[in-house]
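Content type mmCIF, C-alpha atoms and all ligand atoms, from the file start-v7.cif:
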```
data_protein
loop_
_atom_site.group_PDB
_atom_site.id
_atom_site.type_symbol
_atom_site.label_atom_id
_atom_site.label_comp_id
_atom_site.auth_asym_id
_atom_site.auth_seq_id
_atom_site.Cartn_x
_atom_site.Cartn_y
_atom_site.Cartn_z
ATOM 1 C CA MET A 1 -10.424 0.269 -14.920
ATOM 2 C CA LYS A 2 -8.218 3.317 -15.355
ATOM 3 C CA ASN A 3 -4.618 3.267 -14.212
ATOM 4 C CA ILE A 4 -3.331 6.748 -14.868
ATOM 5 C CA ILE A 5 -0.004 8.401 -14.147
ATOM 6 C CA LEU A 6 0.429 12.155 -13.909
ATOM 7 C CA ILE A 7 3.938 13.490 -14.490
ATOM 8 C CA ALA A 8 5.043 17.108 -14.257
ATOM 9 C CA PRO A 9 7.682 19.389 -12.790
ATOM 10 C CA PRO A 10 6.942 20.696 -9.273
ATOM 11 C CA ALA A 11 4.049 23.199 -9.193
ATOM 12 C CA ALA A 12 2.732 22.375 -12.669
ATOM 13 C CA GLY A 13 -0.719 21.728 -11.203
ATOM 14 C CA LYS A 14 -0.643 17.937 -10.750
ATOM 15 C CA GLY A 15 -2.480 18.044 -7.436
ATOM 16 C CA THR A 16 -5.337 20.237 -8.662
ATOM 17 C CA LEU A 17 -5.765 18.285 -11.902
ATOM 18 C CA SER A 18 -5.667 14.992 -9.988
ATOM 19 C CA ASP A 19 -8.454 16.175 -7.682
ATOM 20 C CA ILE A 20 -10.677 17.079 -10.640
ATOM 21 C CA LEU A 21 -10.042 13.784 -12.465
ATOM 22 C CA SER A 22 -10.372 11.713 -9.324
ATOM 23 C CA ASN A 23 -13.841 13.208 -8.668
ATOM 24 C CA ARG A 24 -14.885 12.870 -12.301
ATOM 25 C CA TYR A 25 -13.941 9.196 -12.579
ATOM 26 C CA ASN A 26 -14.423 8.222 -8.956
ATOM 27 C CA ILE A 27 -10.928 6.764 -8.635
ATOM 28 C CA PRO A 28 -8.510 7.566 -5.779
ATOM 29 C CA HIS A 29 -5.851 10.229 -6.189
ATOM 30 C CA ILE A 30 -2.621 8.730 -4.862
ATOM 31 C CA SER A 31 0.147 11.241 -4.267
ATOM 32 C CA THR A 32 3.406 9.674 -3.092
ATOM 33 C CA GLY A 33 4.442 13.146 -1.832
ATOM 34 C CA GLU A 34 1.287 13.250 0.317
ATOM 35 C CA LEU A 35 1.745 9.650 1.573
ATOM 36 C CA LEU A 36 5.363 10.417 2.508
ATOM 37 C CA ARG A 37 4.436 13.737 4.140
ATOM 38 C CA GLU A 38 1.819 12.012 6.298
ATOM 39 C CA ARG A 39 4.403 9.420 7.369
ATOM 40 C CA SER A 40 6.956 12.183 8.045
ATOM 41 C CA TYR A 41 4.644 13.738 10.681
ATOM 42 C CA VAL A 42 4.948 10.589 12.855
ATOM 43 C CA ASP A 43 7.363 11.450 15.658
ATOM 44 C CA ASP A 44 9.848 8.572 15.307
ATOM 45 C CA GLU A 45 13.310 8.201 13.769
ATOM 46 C CA PHE A 46 11.990 7.269 10.340
ATOM 47 C CA GLY A 47 9.537 10.183 10.383
ATOM 48 C CA ILE A 48 12.322 12.630 11.270
ATOM 49 C CA ASP A 49 14.650 11.245 8.538
ATOM 50 C CA LEU A 50 11.851 11.532 6.015
ATOM 51 C CA LEU A 51 11.033 15.091 7.014
ATOM 52 C CA CYS A 52 14.708 16.145 6.643
ATOM 53 C CA MET A 53 14.997 14.538 3.238
ATOM 54 C CA MET A 54 11.808 16.114 1.931
ATOM 55 C CA LYS A 55 12.674 19.535 3.367
ATOM 56 C CA SER A 56 15.911 19.459 1.367
ATOM 57 C CA GLY A 57 13.996 18.747 -1.858
ATOM 58 C CA LYS A 58 15.877 15.478 -2.502
ATOM 59 C CA LEU A 59 14.125 12.328 -3.660
ATOM 60 C CA VAL A 60 13.283 9.764 -1.000
ATOM 61 C CA ASP A 61 14.985 6.368 -1.595
ATOM 62 C CA ASP A 62 13.256 4.013 -4.019
ATOM 63 C CA ASP A 63 12.638 1.116 -1.608
ATOM 64 C CA THR A 64 10.763 3.362 0.827
ATOM 65 C CA VAL A 65 8.583 4.958 -1.851
ATOM 66 C CA ILE A 66 7.887 1.677 -3.628
ATOM 67 C CA ASN A 67 6.796 0.003 -0.373
ATOM 68 C CA VAL A 68 4.520 2.915 0.530
ATOM 69 C CA LEU A 69 2.983 2.829 -2.951
ATOM 70 C CA LYS A 70 2.593 -0.954 -3.098
ATOM 71 C CA GLU A 71 0.683 -0.942 0.165
ATOM 72 C CA ARG A 72 -1.583 1.896 -0.985
ATOM 73 C CA ILE A 73 -2.534 0.426 -4.378
ATOM 74 C CA SER A 74 -3.423 -2.909 -2.812
ATOM 75 C CA SER A 75 -6.309 -1.222 -0.917
ATOM 76 C CA SER A 76 -9.827 -2.157 -2.003
ATOM 77 C CA ASP A 77 -10.648 1.379 -3.238
ATOM 78 C CA CYS A 78 -8.039 0.925 -6.004
ATOM 79 C CA LYS A 79 -9.729 -2.022 -7.687
ATOM 80 C CA ASN A 80 -11.306 0.187 -10.386
ATOM 81 C CA GLY A 81 -8.123 2.114 -11.049
ATOM 82 C CA TYR A 82 -6.286 5.091 -9.603
ATOM 83 C CA LEU A 83 -4.430 8.206 -10.454
ATOM 84 C CA LEU A 84 -0.748 8.233 -9.529
ATOM 85 C CA ASP A 85 0.654 11.671 -8.802
ATOM 86 C CA GLY A 86 4.421 11.891 -8.229
ATOM 87 C CA PHE A 87 5.227 8.266 -9.057
ATOM 88 C CA PRO A 88 7.264 7.007 -10.897
ATOM 89 C CA ARG A 89 9.816 9.771 -10.517
ATOM 90 C CA ASN A 90 12.840 7.918 -11.871
ATOM 91 C CA ILE A 91 13.386 5.096 -14.328
ATOM 92 C CA ASN A 92 13.961 2.475 -11.636
ATOM 93 C CA GLN A 93 10.552 3.305 -10.137
ATOM 94 C CA ALA A 94 8.984 3.028 -13.621
ATOM 95 C CA TYR A 95 10.417 -0.496 -14.041
ATOM 96 C CA SER A 96 9.267 -1.447 -10.525
ATOM 97 C CA LEU A 97 5.756 -0.228 -11.273
ATOM 98 C CA ASP A 98 5.662 -2.314 -14.468
ATOM 99 C CA ASN A 99 6.664 -5.363 -12.433
ATOM 100 C CA ILE A 100 4.179 -4.718 -9.629
ATOM 101 C CA LEU A 101 1.354 -4.331 -12.152
ATOM 102 C CA SER A 102 2.320 -7.206 -14.436
ATOM 103 C CA ASP A 103 2.392 -9.543 -11.397
ATOM 104 C CA VAL A 104 -1.375 -8.938 -11.108
ATOM 105 C CA GLY A 105 -2.002 -8.879 -14.885
ATOM 106 C CA LEU A 106 -2.319 -5.091 -15.153
ATOM 107 C CA SER A 107 -0.492 -2.250 -16.863
ATOM 108 C CA ILE A 108 -0.566 1.539 -17.010
ATOM 109 C CA ASP A 109 -3.283 2.837 -19.344
ATOM 110 C CA TYR A 110 -2.395 6.519 -19.741
ATOM 111 C CA VAL A 111 0.432 8.855 -18.798
ATOM 112 C CA ILE A 112 -0.550 12.519 -18.585
ATOM 113 C CA TYR A 113 2.398 14.873 -18.875
ATOM 114 C CA LEU A 114 1.925 18.509 -17.837
ATOM 115 C CA ASP A 115 4.743 20.705 -19.020
ATOM 116 C CA ILE A 116 5.606 24.085 -17.496
ATOM 117 C CA ASP A 117 8.641 26.376 -17.635
ATOM 118 C CA TYR A 118 10.925 27.003 -14.653
ATOM 119 C CA ASN A 119 9.897 30.619 -13.978
ATOM 120 C CA THR A 120 6.148 29.982 -14.037
ATOM 121 C CA ALA A 121 6.632 27.027 -11.686
ATOM 122 C CA LEU A 122 8.751 29.106 -9.310
ATOM 123 C CA GLU A 123 6.111 31.853 -9.174
ATOM 124 C CA ARG A 124 3.440 29.297 -8.343
ATOM 125 C CA ILE A 125 5.518 27.669 -5.617
ATOM 126 C CA THR A 126 6.043 30.855 -3.661
ATOM 127 C CA GLY A 127 2.278 31.555 -3.537
ATOM 128 C CA ARG A 128 1.073 28.020 -2.865
ATOM 129 C CA MET A 129 -0.906 27.199 0.290
ATOM 130 C CA SER A 130 -2.704 23.968 1.057
ATOM 131 C CA CYS A 131 -5.193 22.580 3.499
ATOM 132 C CA PRO A 132 -3.652 19.900 5.748
ATOM 133 C CA LYS A 133 -7.115 18.465 6.428
ATOM 134 C CA CYS A 134 -8.835 18.085 3.026
ATOM 135 C CA GLY A 135 -5.876 18.627 0.662
ATOM 136 C CA ALA A 136 -7.375 21.637 -1.191
ATOM 137 C CA ILE A 137 -4.713 23.772 -2.880
ATOM 138 C CA TYR A 138 -4.728 27.584 -3.180
ATOM 139 C CA ASN A 139 -2.450 30.291 -4.504
ATOM 140 C CA LYS A 140 -2.374 33.659 -2.787
ATOM 141 C CA TYR A 141 -1.088 35.420 -5.941
ATOM 142 C CA ASN A 142 -3.747 34.047 -8.301
ATOM 143 C CA MET A 143 -7.172 35.753 -8.234
ATOM 144 C CA LEU A 144 -8.885 32.515 -9.343
ATOM 145 C CA ARG A 145 -7.189 30.383 -6.719
ATOM 146 C CA LYS A 146 -7.126 32.636 -3.664
ATOM 147 C CA PRO A 147 -9.125 31.401 -0.663
ATOM 148 C CA LYS A 148 -12.219 33.552 0.064
ATOM 149 C CA VAL A 149 -10.892 34.322 3.550
ATOM 150 C CA GLU A 150 -7.125 34.786 3.734
ATOM 151 C CA GLY A 151 -5.374 31.728 5.200
ATOM 152 C CA ILE A 152 -8.597 29.691 5.635
ATOM 153 C CA CYS A 153 -9.782 26.715 3.563
ATOM 154 C CA ASP A 154 -12.987 27.417 1.569
ATOM 155 C CA ARG A 155 -14.002 23.748 1.762
ATOM 156 C CA CYS A 156 -13.487 22.817 5.407
ATOM 157 C CA SER A 157 -12.515 26.088 7.185
ATOM 158 C CA SER A 158 -9.162 24.713 8.442
ATOM 159 C CA PRO A 159 -6.166 27.072 8.630
ATOM 160 C CA LEU A 160 -4.031 26.756 5.476
ATOM 161 C CA ILE A 161 -0.332 25.915 5.602
ATOM 162 C CA THR A 162 2.689 26.516 3.386
ATOM 163 C CA ARG A 163 4.613 23.310 2.768
ATOM 164 C CA ALA A 164 8.098 23.174 4.336
ATOM 165 C CA ASP A 165 9.596 22.505 0.881
ATOM 166 C CA ASP A 166 7.805 25.355 -0.933
ATOM 167 C CA ASN A 167 10.644 27.876 -0.955
ATOM 168 C CA GLU A 168 13.011 29.037 -3.664
ATOM 169 C CA ASP A 169 16.103 27.033 -2.595
ATOM 170 C CA THR A 170 14.281 23.736 -2.197
ATOM 171 C CA PHE A 171 12.382 24.374 -5.384
ATOM 172 C CA LYS A 172 15.649 24.567 -7.329
ATOM 173 C CA GLN A 173 16.729 21.187 -5.930
ATOM 174 C CA ARG A 174 13.327 19.665 -6.746
ATOM 175 C CA TYR A 175 13.450 21.053 -10.273
ATOM 176 C CA ASP A 176 16.995 19.703 -10.795
ATOM 177 C CA SER A 177 15.869 16.254 -9.583
ATOM 178 C CA TYR A 178 13.012 16.459 -12.050
ATOM 179 C CA ILE A 179 15.313 17.248 -14.987
ATOM 180 C CA GLU A 180 17.843 14.592 -14.058
ATOM 181 C CA CYS A 181 15.599 11.746 -12.890
ATOM 182 C CA THR A 182 12.081 12.289 -14.224
ATOM 183 C CA LEU A 183 12.675 13.408 -17.821
ATOM 184 C CA PRO A 184 13.933 9.882 -18.698
ATOM 185 C CA VAL A 185 10.632 8.505 -17.334
ATOM 186 C CA ILE A 186 8.727 10.770 -19.726
ATOM 187 C CA GLU A 187 10.820 9.439 -22.621
ATOM 188 C CA TYR A 188 10.188 5.866 -21.449
ATOM 189 C CA TYR A 189 6.411 6.302 -21.698
ATOM 190 C CA ARG A 190 6.689 8.299 -24.924
ATOM 191 C CA GLN A 191 8.457 5.291 -26.515
ATOM 192 C CA LYS A 192 5.631 3.071 -25.299
ATOM 193 C CA ASN A 193 3.060 5.422 -26.914
ATOM 194 C CA LYS A 194 1.352 6.023 -23.581
ATOM 195 C CA LEU A 195 2.124 9.720 -23.252
ATOM 196 C CA ALA A 196 -0.400 12.552 -23.655
ATOM 197 C CA GLU A 197 1.207 15.979 -23.321
ATOM 198 C CA PHE A 198 -0.499 19.215 -22.103
ATOM 199 C CA ASP A 199 0.489 22.810 -21.454
ATOM 200 C CA GLY A 200 0.561 23.202 -17.646
ATOM 201 C CA ARG A 201 -0.040 26.973 -17.912
ATOM 202 C CA LEU A 202 -3.680 26.378 -18.933
ATOM 203 C CA GLU A 203 -6.421 26.331 -16.300
ATOM 204 C CA SER A 204 -6.765 22.904 -14.653
ATOM 205 C CA GLU A 205 -10.448 22.547 -15.673
ATOM 206 C CA GLN A 206 -9.502 23.106 -19.300
ATOM 207 C CA ILE A 207 -6.723 20.516 -19.109
ATOM 208 C CA ALA A 208 -9.101 18.090 -17.361
ATOM 209 C CA ASP A 209 -11.567 18.408 -20.273
ATOM 210 C CA MET A 210 -8.810 17.648 -22.779
ATOM 211 C CA VAL A 211 -7.664 14.681 -20.698
ATOM 212 C CA SER A 212 -11.272 13.420 -20.525
ATOM 213 C CA ASP A 213 -11.442 13.436 -24.341
ATOM 214 C CA ILE A 214 -8.471 11.092 -24.388
ATOM 215 C CA LEU A 215 -9.760 8.819 -21.620
ATOM 216 C CA MET A 216 -13.085 8.430 -23.462
ATOM 217 C CA ARG A 217 -11.468 7.155 -26.669
HETATM 218 P P1 LIG B 1 6.290 18.182 -5.954
HETATM 219 O O1 LIG B 1 5.805 17.356 -7.120
HETATM 220 O O2 LIG B 1 5.726 19.552 -5.988
HETATM 221 O O3 LIG B 1 7.779 18.133 -5.788
HETATM 222 P P2 LIG B 1 5.327 16.136 -4.106
HETATM 223 O O4 LIG B 1 4.326 16.335 -3.034
HETATM 224 O O5 LIG B 1 4.961 15.229 -5.247
HETATM 225 O O6 LIG B 1 5.702 17.598 -4.611
HETATM 226 O O7 LIG B 1 6.687 15.572 -3.470
HETATM 227 C C1 LIG B 1 7.302 16.171 -2.353
HETATM 228 C C2 LIG B 1 8.589 15.421 -1.993
HETATM 229 O O8 LIG B 1 8.268 14.041 -1.677
HETATM 230 C C3 LIG B 1 9.623 15.290 -3.111
HETATM 231 O O9 LIG B 1 10.445 16.435 -3.201
HETATM 232 C C4 LIG B 1 10.397 14.044 -2.653
HETATM 233 O O10 LIG B 1 11.276 14.334 -1.588
HETATM 234 C C5 LIG B 1 9.298 13.150 -2.100
HETATM 235 N N1 LIG B 1 8.742 12.236 -3.118
HETATM 236 C C6 LIG B 1 7.462 12.223 -3.607
HETATM 237 N N2 LIG B 1 7.290 11.252 -4.509
HETATM 238 C C7 LIG B 1 8.493 10.616 -4.624
HETATM 239 C C8 LIG B 1 8.971 9.543 -5.410
HETATM 240 N N3 LIG B 1 8.187 8.887 -6.287
HETATM 241 N N4 LIG B 1 10.275 9.172 -5.256
HETATM 242 C C9 LIG B 1 11.075 9.795 -4.386
HETATM 243 N N5 LIG B 1 10.709 10.837 -3.622
HETATM 244 C C10 LIG B 1 9.418 11.250 -3.733
#
```

Write the structure described by the file as structure tokens, please.
Amino acid sequence: MKNIILIAPPAAGKGTLSDILSNRYNIPHISTGELLRERSYVDDEFGIDLLCMMKSGKLVDDDTVINVLKERISSSDCKNGYLLDGFPRNINQAYSLDNILSDVGLSIDYVIYLDIDYNTALERITGRMSCPKCGAIYNKYNMLRKPKVEGICDRCSSPLITRADDNEDTFKQRYDSYIECTLPVIEYYRQKNKLAEFDGRLESEQIADMVSDILMR
């Protein structure tokens, strides 16, 4: 059983690292951003509200995110653990997660923190493209991460998209939310001795190997 949290500023490489770890350990990668985005594509009032909120770069309200997460981690594929990407994002969510897990006799095993500076993150955001079908992530400015055919997914051949919130203005709002709301979460897990810190500028495979060393201990 491995219950792992991944925390990082936007564009630090959480998604890519999560994919590698999720394949290596055969546990689901649960991204609250992805769960919320999927819900936001439903053409109803809630979907439209969600889309507006996410486009602005603001955090979605805690009750909504916690309900979405609770439902997801109660699925049968989560019984051997999971990798949480993008949750908890504020201290209230961290307390809620503790309560949800302790109700079923569980706790978080590891918290992986990827750190990256503002300018590197901004550069990554403006080049990021993703596949709406299989979730693969690319970067048009990075030789190692460019798709083989421009705008087309290497894995499943679907046309790639740029997320509505991947622009400079929204990025600033997302980064500010991170500093204000998520840094206290990092401190919370540091105090609990659960935190393992990595340099987000390294290649994801390299970080994944270092994370594996810790998970094997
Ligand atoms: P990034 O980490 O690059 O900001 P995500 O896909 O994790 O991208 O999140 C996209 C958006 O989804 C966030 O800007 C926010 O609006 C919403 N979101 C995701 N996770 C949470 C969360 N735990 N609490 C509140 N809002 C969230």

Which stretch 7-38 of chain A residues have any atom within 10 Å of an atom of stretch 121-124 of chain A, and for each, what is the nearest pair of atoms with distance in Å to one decimal, counting all atoms listed in the file, rows sorted by chain and number, as a tab-separated table?
```
residue	atom	partner	partner_atom	distance
A:Pro9	CA	A:Ala121	CA	7.8
A:Pro10	CA	A:Ala121	CA	6.8
A:Ala11	CA	A:Ala121	CA	5.2
A:Ala12	CA	A:Ala121	CA	6.1
A:Gly13	CA	A:Ala121	CA	9.1
```

Judged by all atoms listed in the file, the minimum distance to A:Asp166 among A:Met54, A:Cys78, A:Val104, A:Ile27 is found for A:Met54

Selected residue of minimal separation from ligand LIG 1 (chain B) among A:Lys172, A:Arg217, A:Lys148, A:Arg190, counting all atoms listed in the file
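Nearest to ligand LIG 1 (chain B): A:Lys172.
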
- Task: Write out as an NGL selection string the residues lying within 10 Å of A:Lys140, counting all atoms listed in the file and excluding same-chain residues fewer than 2 positions away.
- Result: :A and (124 or 126-129 or 138 or 142-147 or 150-151)

One decimal, Å: what's the distance from atom O1 of ligand LIG 1 (chain B) over to atom CA of A:Asn3, could you say?
->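 Those two atoms sit 18.9 Å apart.
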
Residues picked by the PyMOL selection byres (((chain A and resi 108) around 12) and not hetatm) here, as a PDB file with C-alpha atoms, in the frame of the given file?
```
ATOM      1  CA  MET A   1     -10.424   0.269 -14.920  1.00  0.00           C
ATOM      2  CA  LYS A   2      -8.218   3.317 -15.355  1.00  0.00           C
ATOM      3  CA  ASN A   3      -4.618   3.267 -14.212  1.00  0.00           C
ATOM      4  CA  ILE A   4      -3.331   6.748 -14.868  1.00  0.00           C
ATOM      5  CA  ILE A   5      -0.004   8.401 -14.147  1.00  0.00           C
ATOM      6  CA  LEU A   6       0.429  12.155 -13.909  1.00  0.00           C
ATOM      7  CA  GLY A  81      -8.123   2.114 -11.049  1.00  0.00           C
ATOM      8  CA  TYR A  82      -6.286   5.091  -9.603  1.00  0.00           C
ATOM      9  CA  LEU A  83      -4.430   8.206 -10.454  1.00  0.00           C
ATOM     10  CA  LEU A  84      -0.748   8.233  -9.529  1.00  0.00           C
ATOM     11  CA  PHE A  87       5.227   8.266  -9.057  1.00  0.00           C
ATOM     12  CA  PRO A  88       7.264   7.007 -10.897  1.00  0.00           C
ATOM     13  CA  ALA A  94       8.984   3.028 -13.621  1.00  0.00           C
ATOM     14  CA  TYR A  95      10.417  -0.496 -14.041  1.00  0.00           C
ATOM     15  CA  LEU A  97       5.756  -0.228 -11.273  1.00  0.00           C
ATOM     16  CA  ASP A  98       5.662  -2.314 -14.468  1.00  0.00           C
ATOM     17  CA  ASN A  99       6.664  -5.363 -12.433  1.00  0.00           C
ATOM     18  CA  ILE A 100       4.179  -4.718  -9.629  1.00  0.00           C
ATOM     19  CA  LEU A 101       1.354  -4.331 -12.152  1.00  0.00           C
ATOM     20  CA  SER A 102       2.320  -7.206 -14.436  1.00  0.00           C
ATOM     21  CA  GLY A 105      -2.002  -8.879 -14.885  1.00  0.00           C
ATOM     22  CA  LEU A 106      -2.319  -5.091 -15.153  1.00  0.00           C
ATOM     23  CA  SER A 107      -0.492  -2.250 -16.863  1.00  0.00           C
ATOM     24  CA  ASP A 109      -3.283   2.837 -19.344  1.00  0.00           C
ATOM     25  CA  TYR A 110      -2.395   6.519 -19.741  1.00  0.00           C
ATOM     26  CA  VAL A 111       0.432   8.855 -18.798  1.00  0.00           C
ATOM     27  CA  ILE A 112      -0.550  12.519 -18.585  1.00  0.00           C
ATOM     28  CA  TYR A 189       6.411   6.302 -21.698  1.00  0.00           C
ATOM     29  CA  LYS A 192       5.631   3.071 -25.299  1.00  0.00           C
ATOM     30  CA  ASN A 193       3.060   5.422 -26.914  1.00  0.00           C
ATOM     31  CA  LYS A 194       1.352   6.023 -23.581  1.00  0.00           C
ATOM     32  CA  LEU A 195       2.124   9.720 -23.252  1.00  0.00           C
TER      33      LEU A 195
END
```

**Selection within 7 Å of ligand LIG 1 (chain B) by all atoms listed in the file, output as a PyMOL selection string** = chain A and resi 9-11+31-34+36-37+53-54+57-62+65+85-89+174

Would you save the residues of that selection, restricted to C-alpha atoms, as an mmCIF file, in the frame of the given file?
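The resulting file, out.cif, is shown below:
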```
data_model
loop_
_atom_site.group_PDB
_atom_site.id
_atom_site.type_symbol
_atom_site.label_atom_id
_atom_site.label_comp_id
_atom_site.auth_asym_id
_atom_site.auth_seq_id
_atom_site.Cartn_x
_atom_site.Cartn_y
_atom_site.Cartn_z
ATOM 1 C CA PRO A 9 7.682 19.389 -12.790
ATOM 2 C CA PRO A 10 6.942 20.696 -9.273
ATOM 3 C CA ALA A 11 4.049 23.199 -9.193
ATOM 4 C CA SER A 31 0.147 11.241 -4.267
ATOM 5 C CA THR A 32 3.406 9.674 -3.092
ATOM 6 C CA GLY A 33 4.442 13.146 -1.832
ATOM 7 C CA GLU A 34 1.287 13.250 0.317
ATOM 8 C CA LEU A 36 5.363 10.417 2.508
ATOM 9 C CA ARG A 37 4.436 13.737 4.140
ATOM 10 C CA MET A 53 14.997 14.538 3.238
ATOM 11 C CA MET A 54 11.808 16.114 1.931
ATOM 12 C CA GLY A 57 13.996 18.747 -1.858
ATOM 13 C CA LYS A 58 15.877 15.478 -2.502
ATOM 14 C CA LEU A 59 14.125 12.328 -3.660
ATOM 15 C CA VAL A 60 13.283 9.764 -1.000
ATOM 16 C CA ASP A 61 14.985 6.368 -1.595
ATOM 17 C CA ASP A 62 13.256 4.013 -4.019
ATOM 18 C CA VAL A 65 8.583 4.958 -1.851
ATOM 19 C CA ASP A 85 0.654 11.671 -8.802
ATOM 20 C CA GLY A 86 4.421 11.891 -8.229
ATOM 21 C CA PHE A 87 5.227 8.266 -9.057
ATOM 22 C CA PRO A 88 7.264 7.007 -10.897
ATOM 23 C CA ARG A 89 9.816 9.771 -10.517
ATOM 24 C CA ARG A 174 13.327 19.665 -6.746
#
```

### Shell of 6 Å around A:Ser130, only C-alpha atoms, local chain residues under 3 positions omitted, as a ChimeraX atom specification
/A:136-138,160-161

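Going from atom CA of A:Lys14 to atom CA of A:Ile186 covers 14.8 Å.
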
The PyMOL selection byres (((chain A and resi 210) around 12) and not hetatm) resolved against shown file, as a PyMOL selection string: chain A and resi 17+21+112+114+196-199+202-209+211-217

Among the residues A:Asp43, A:Ile73, A:Gln173, A:Gly135, the one that comes closest to A:Ser18 [using only C-alpha atoms]:
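Closest to A:Ser18 of all the choices is A:Gly135.
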
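A straight line drawn from atom CA of A:Thr162 to atom CA of A:Tyr25 is 28.8 Å long.
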
Among A:Arg39, A:Arg155, A:Arg201, A:His29, A:Thr64 is approached most closely, using all atoms listed in the file, by A:Arg39

Nearest to A:Gln93, chosen from A:Val42, A:Tyr188, A:Ser157, A:Thr170, with all atoms listed in the file counted in the distances:
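So, comparing all the options, the nearest one is A:Tyr188.
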
| the PyMOL selection byres (((chain A and resi 158) around 8) and not hetatm) on the file shown: which residues, as a PyMOL selection string? | chain A and resi 131-133+152-153+156-157+159-160

Residue subset to file, keeping C-alpha atoms, as an mmCIF file, in the frame of the given file:
```cif
data_model
loop_
_atom_site.group_PDB
_atom_site.id
_atom_site.type_symbol
_atom_site.label_atom_id
_atom_site.label_comp_id
_atom_site.auth_asym_id
_atom_site.auth_seq_id
_atom_site.Cartn_x
_atom_site.Cartn_y
_atom_site.Cartn_z
ATOM 1 C CA CYS A 131 -5.193 22.580 3.499
ATOM 2 C CA PRO A 132 -3.652 19.900 5.748
ATOM 3 C CA LYS A 133 -7.115 18.465 6.428
ATOM 4 C CA ILE A 152 -8.597 29.691 5.635
ATOM 5 C CA CYS A 153 -9.782 26.715 3.563
ATOM 6 C CA CYS A 156 -13.487 22.817 5.407
ATOM 7 C CA SER A 157 -12.515 26.088 7.185
ATOM 8 C CA PRO A 159 -6.166 27.072 8.630
ATOM 9 C CA LEU A 160 -4.031 26.756 5.476
#
```

**Item:** Residue contacts of A:Arg72 (10 Å, only C-alpha atoms) excluding same-chain residues fewer than 4 positions away, as a PyMOL selection string
**Value:** chain A and resi 30+32+35+66-68+76-78

**Report entry** Counting only C-alpha atoms, the option among A:Asp115, A:Ser75, A:Ile125, A:Lys55 closest to A:Asp165
**Finding:**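 Distance minimum relative to A:Asp165 lands on A:Lys55.
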
Block slice stretch 59-95 of chain A, C-alpha atoms, emitted as a PDB file, in the first residue's frame:
```
ATOM      1  CA  LEU A  59      -8.586  27.553  -6.480  1.00  0.00           C
ATOM      2  CA  VAL A  60     -11.887  25.698  -6.653  1.00  0.00           C
ATOM      3  CA  ASP A  61     -13.779  25.682  -3.307  1.00  0.00           C
ATOM      4  CA  ASP A  62     -12.741  23.035  -0.791  1.00  0.00           C
ATOM      5  CA  ASP A  63     -16.092  21.227  -0.498  1.00  0.00           C
ATOM      6  CA  THR A  64     -16.241  20.606  -4.250  1.00  0.00           C
ATOM      7  CA  VAL A  65     -12.666  19.325  -4.487  1.00  0.00           C
ATOM      8  CA  ILE A  66     -12.931  17.197  -1.355  1.00  0.00           C
ATOM      9  CA  ASN A  67     -16.131  15.530  -2.607  1.00  0.00           C
ATOM     10  CA  VAL A  68     -14.598  14.822  -6.017  1.00  0.00           C
ATOM     11  CA  LEU A  69     -11.509  13.346  -4.353  1.00  0.00           C
ATOM     12  CA  LYS A  70     -13.415  11.297  -1.774  1.00  0.00           C
ATOM     13  CA  GLU A  71     -15.457   9.656  -4.500  1.00  0.00           C
ATOM     14  CA  ARG A  72     -12.360   8.885  -6.580  1.00  0.00           C
ATOM     15  CA  ILE A  73     -10.273   7.313  -3.795  1.00  0.00           C
ATOM     16  CA  SER A  74     -13.136   5.050  -2.771  1.00  0.00           C
ATOM     17  CA  SER A  75     -12.906   3.264  -6.167  1.00  0.00           C
ATOM     18  CA  SER A  76     -11.644  -0.318  -6.117  1.00  0.00           C
ATOM     19  CA  ASP A  77      -8.473   0.514  -8.106  1.00  0.00           C
ATOM     20  CA  CYS A  78      -7.254   2.589  -5.128  1.00  0.00           C
ATOM     21  CA  LYS A  79      -7.140  -0.275  -2.647  1.00  0.00           C
ATOM     22  CA  ASN A  80      -3.365  -0.741  -3.078  1.00  0.00           C
ATOM     23  CA  GLY A  81      -2.611   2.955  -2.853  1.00  0.00           C
ATOM     24  CA  TYR A  82      -2.561   5.960  -5.155  1.00  0.00           C
ATOM     25  CA  LEU A  83      -0.640   9.001  -6.119  1.00  0.00           C
ATOM     26  CA  LEU A  84      -2.329  12.319  -5.378  1.00  0.00           C
ATOM     27  CA  ASP A  85      -1.342  15.129  -7.711  1.00  0.00           C
ATOM     28  CA  GLY A  86      -2.670  18.603  -6.855  1.00  0.00           C
ATOM     29  CA  PHE A  87      -4.270  17.681  -3.529  1.00  0.00           C
ATOM     30  CA  PRO A  88      -4.077  18.900  -0.773  1.00  0.00           C
ATOM     31  CA  ARG A  89      -3.502  22.428  -2.006  1.00  0.00           C
ATOM     32  CA  ASN A  90      -4.285  24.273   1.218  1.00  0.00           C
ATOM     33  CA  ILE A  91      -4.088  23.448   4.903  1.00  0.00           C
ATOM     34  CA  ASN A  92      -7.823  22.834   5.263  1.00  0.00           C
ATOM     35  CA  GLN A  93      -7.624  20.189   2.519  1.00  0.00           C
ATOM     36  CA  ALA A  94      -4.632  18.600   4.308  1.00  0.00           C
ATOM     37  CA  TYR A  95      -6.662  18.290   7.537  1.00  0.00           C
TER      38      TYR A  95
END
```
